[in-house]
Amino acid sequence: MSTNNKAVLTYGEGKTAEFPVLKATIGPDVIDIRSLYGKTGQFTYDPGFLSTASCSSKITYIDGDEGVLLYRGYPIEQLAAKCDFLEVCYLLLNGEMPNQEQNKEFVNTITRHTMVHDQMTRFFQGFRRDAHPMAVLVGTVGALSAFYHDSLDINNPEHRRVSAMRLIAKLPTMVAMAYKYNMGQPFVYPRNDLSYTANFMQMMFAVPAEDYKVNDVLVRALDRIFILHADHEQNASTSTVRLSGSSGANPFACIAAGIACLWGPAHGGANEAALNMLEQIGDVSKVGEFITKAKDKNSGVKLMGFGHRVYKNYDPRAKLMRETCYEVLNALGLENDRLFKLAMALEKIALEDDYFVQRKLYPNVDFYSGIVQRALGIPTSMFTCIFSLARTVGWIAQWQEMIADPEYKIGRPRQLYDGAPRRDLVPMNKR
């Protein structure tokens with residue numbers, strides 16, 4: 001990572017300071033400014049971290065200009081086409097793809113840890129039935145540390161591994177429990193004879209009154225959603241997990257913090273917003289009128305599901321999600337689904353309109369994932385919970401990487417103070 005290249009900063013009246021340039025495997029190199037304050041007495045100012053690398057990482061790489069997403073060097077297109085979610089989990093956690101024996105052992109470990117402590121069911125009873133599932137998930141995931149405190153030593157690699165396995169295994173159970181509680185239905189316990197994603201679907205949709213039949217096409221579609229959302233570099237929720245973990249907080253607390261951050265509408269709620277937008281448009285005949293309003297800055301109408309903070313090209317996940325849309329709708333006999341046809345019409349116009357093309361407002365993964373989840377029978381209130389389930393492995397991988405990094409320190413961003421200068425307090429009777 002080190003290099004002999006130097007970056008020279010000129011500041012003040014002809015003053016200069018040199019800083020090493022760290023070499024990236026791929027992507028932009030990084031100017032190491034850790035000694036900036038010591039050399040110059042100044043900080044950098046970068047709201048939103050637009051040009052700041054907060055860490056070094058070997059997990060995920062994004063090239064937003066070219067529309068590239070790599071997990072541990074593997075293109076997302078290959079992983080989504082040829083792997084299941086637990087294979088991708090193993091890759092993100094361990095850095096390499098598993099062989100048959102390693103995969104069998106990993107799947108077996110996850111499968112046999114899907115149960116949650118029976119007293120956890122009482123936690124759900126403390127919430128109102130109409131509580132948002134994400135509110136329930138934040139509270140219950142944070143509470144896991146009260147039940148599994150035998151693996152909370154973050155300096156013990158085995159404790160970190162056990163906590164990772166528990167979180168990946170138990171999140172589907174807890175997300176399904178949050179859904180069932182909200183629906184007023186009895187909890188459905190996990191089954192060890194089903195795959196990870198099939199098991200989640202039966203916990204979501206099975207009822208005691210009848211057998212649940214697994215649909216392989218739908219299971220594969222949801223598994224692909226999990227893969228596409230497993231990690232996405234240093235986004236807001238991942239940065240939250242890392243920042244929380246930098247204080248030494250236990251992994252369950254860190255993941256709960258990540259879930260809370262993901263709940264924000266600017267982050268994990270984008271697919272729900274895209275689906276709501278389609279519902280508001282209502283019909284294909286109204287797409288042209290909507291596009292006109294979206295281009296008018298004074299209309300207050302926004303085109304949801306298009307554009308991305310990082311991707312300035314077609315989101316590679318969106319292409320895969322589009323294919324999955326067709327597979328699911330065909331399997332369910334919903335080829336003429338109103339919202340999907342509406343989405344296709346909106347996409348076609350947006351991709352051909354100079355206004356959107358010049359601004360590189362291409363469809364992102366959220367544009368399609370909401371339609372797929374709706375077709376699977378998942379309500380919009382659960383979309384971000386599904387996202388949390390999928391992203392847990394990425395959060396855990398990032399957290400583990402940070403803890404094992406000898407250079408990691410507690411996060412402490414600096415600030416540009418522009419408030420009142422020092423002043424003396426005036427007694428109340430003289431104010």
# chains A, B, ... in the order shown; residues from 1 in each chain; ligands from 1
>>> residues_around(residues="Ile403 (chain A)", least_positions_apart="3", cutoff="10 Å", atoms="only C-alpha atoms", output="list in words")
Ile154, Asn155, Pro157, Arg160, Arg242, Gly245, Ser246, Gly248, Gln398, Trp399, Gln400, Pro406, Glu407, Tyr408 and Lys409 of chain A
>>> residues_around(residues="Leu320 (chain A)", least_positions_apart="6", cutoff="12 Å", atoms="only C-alpha atoms", output="list in words")
Ile76, Glu77, Gln78, Leu79, Ala80, Ala81, Ala221, Arg224, Ile225, Ile227, Leu228, His229, Tyr314, Tyr326, Glu327, Pro363, Asn364, Val365, Asp366, Phe367, Tyr368, Ser369 and Val372 of chain A
>>> closest_residue(among="A:Gln358, A:Phe252, A:Tyr179, A:Thr292", to="Phe383 (chain A)", atoms="only C-alpha atoms")
A:Tyr179
>>> residues_around(residues="Cys89 (chain A)", least_positions_apart="5", cutoff="9 Å", atoms="only C-alpha atoms", output="list in words")
Asp84, Asn94, Ile168, Ile227, Ala230, Val393, Gly394 and Ala397 of chain A
>>> residues_around(residues="Asn215 (chain A)", least_positions_apart="2", cutoff="12 Å", atoms="only C-alpha atoms", output="JSON, numbers by chain")
{"A": [194, 197, 198, 199, 201, 202, 205, 212, 213, 217, 218, 219, 220, 221, 222, 328, 331, 332, 376]}
>>> residues_around(residues="Asp150 (chain A)", least_positions_apart="4", cutoff="10 Å", atoms="only C-alpha atoms", output="number ranges by chain")
A: 145-146, 159, 162-163
>>> select_by_dssp(residues="region 184-292 of chain A", states="helix (DSSP H, G or I)", output="VMD selection string")
chain A and resid 196 to 205 216 to 228 236 to 245 251 to 262 270 to 281 284 to 292
>>> closest_residue(among="A:Leu86, A:Ser57, A:Ala253, A:Met203", to="Thr240 (chain A)", atoms="only C-alpha atoms")
A:Ala253
>>> residues_around(residues="Asn108 (chain A)", least_positions_apart="4", cutoff="12 Å", atoms="only C-alpha atoms", output="number ranges by chain")
A: 86, 101-104, 112-114, 165, 169, 192-196
>>> atom_distance(atom1="CA of Gly282 (chain A)", atom2="CA of Arg338 (chain A)")
8.4 Å
>>> atom_distance(atom1="CA of Val30 (chain A)", atom2="CA of Asp315 (chain A)")
24.5 Å
>>> closest_residue(among="A:Lys312, A:Lys348, A:Lys295, A:Arg391", to="Leu167 (chain A)", atoms="only C-alpha atoms")
A:Arg391
>>> atom_distance(atom1="CA of Val88 (chain A)", atom2="CA of Tyr71 (chain A)")
8.3 Å
>>> closest_residue(among="A:Ala164, A:Ala294, A:Leu9, A:Ala256", to="Leu93 (chain A)", atoms="only C-alpha atoms")
A:Ala164
>>> closest_residue(among="A:Arg422, A:His267, A:Lys360, A:Lys293", to="Gly307 (chain A)", atoms="only C-alpha atoms")
A:Lys360
>>> residues_around(residues="Asn4 (chain A)", least_positions_apart="4", cutoff="10 Å", atoms="only C-alpha atoms", output="list of chain:residue names")
A:Pro20, A:Val21, A:Leu22, A:Lys23
>>> write_last_selection(atoms="C-alpha atoms", output="PDB file, in the first residue's frame")
ATOM      1  CA  PRO A  20       2.885  10.238   1.380  1.00  0.00           C
ATOM      2  CA  VAL A  21       0.591   8.902  -1.338  1.00  0.00           C
ATOM      3  CA  LEU A  22      -0.724   5.410  -0.604  1.00  0.00           C
ATOM      4  CA  LYS A  23      -1.136   3.143  -3.618  1.00  0.00           C
TER       5      LYS A  23
END
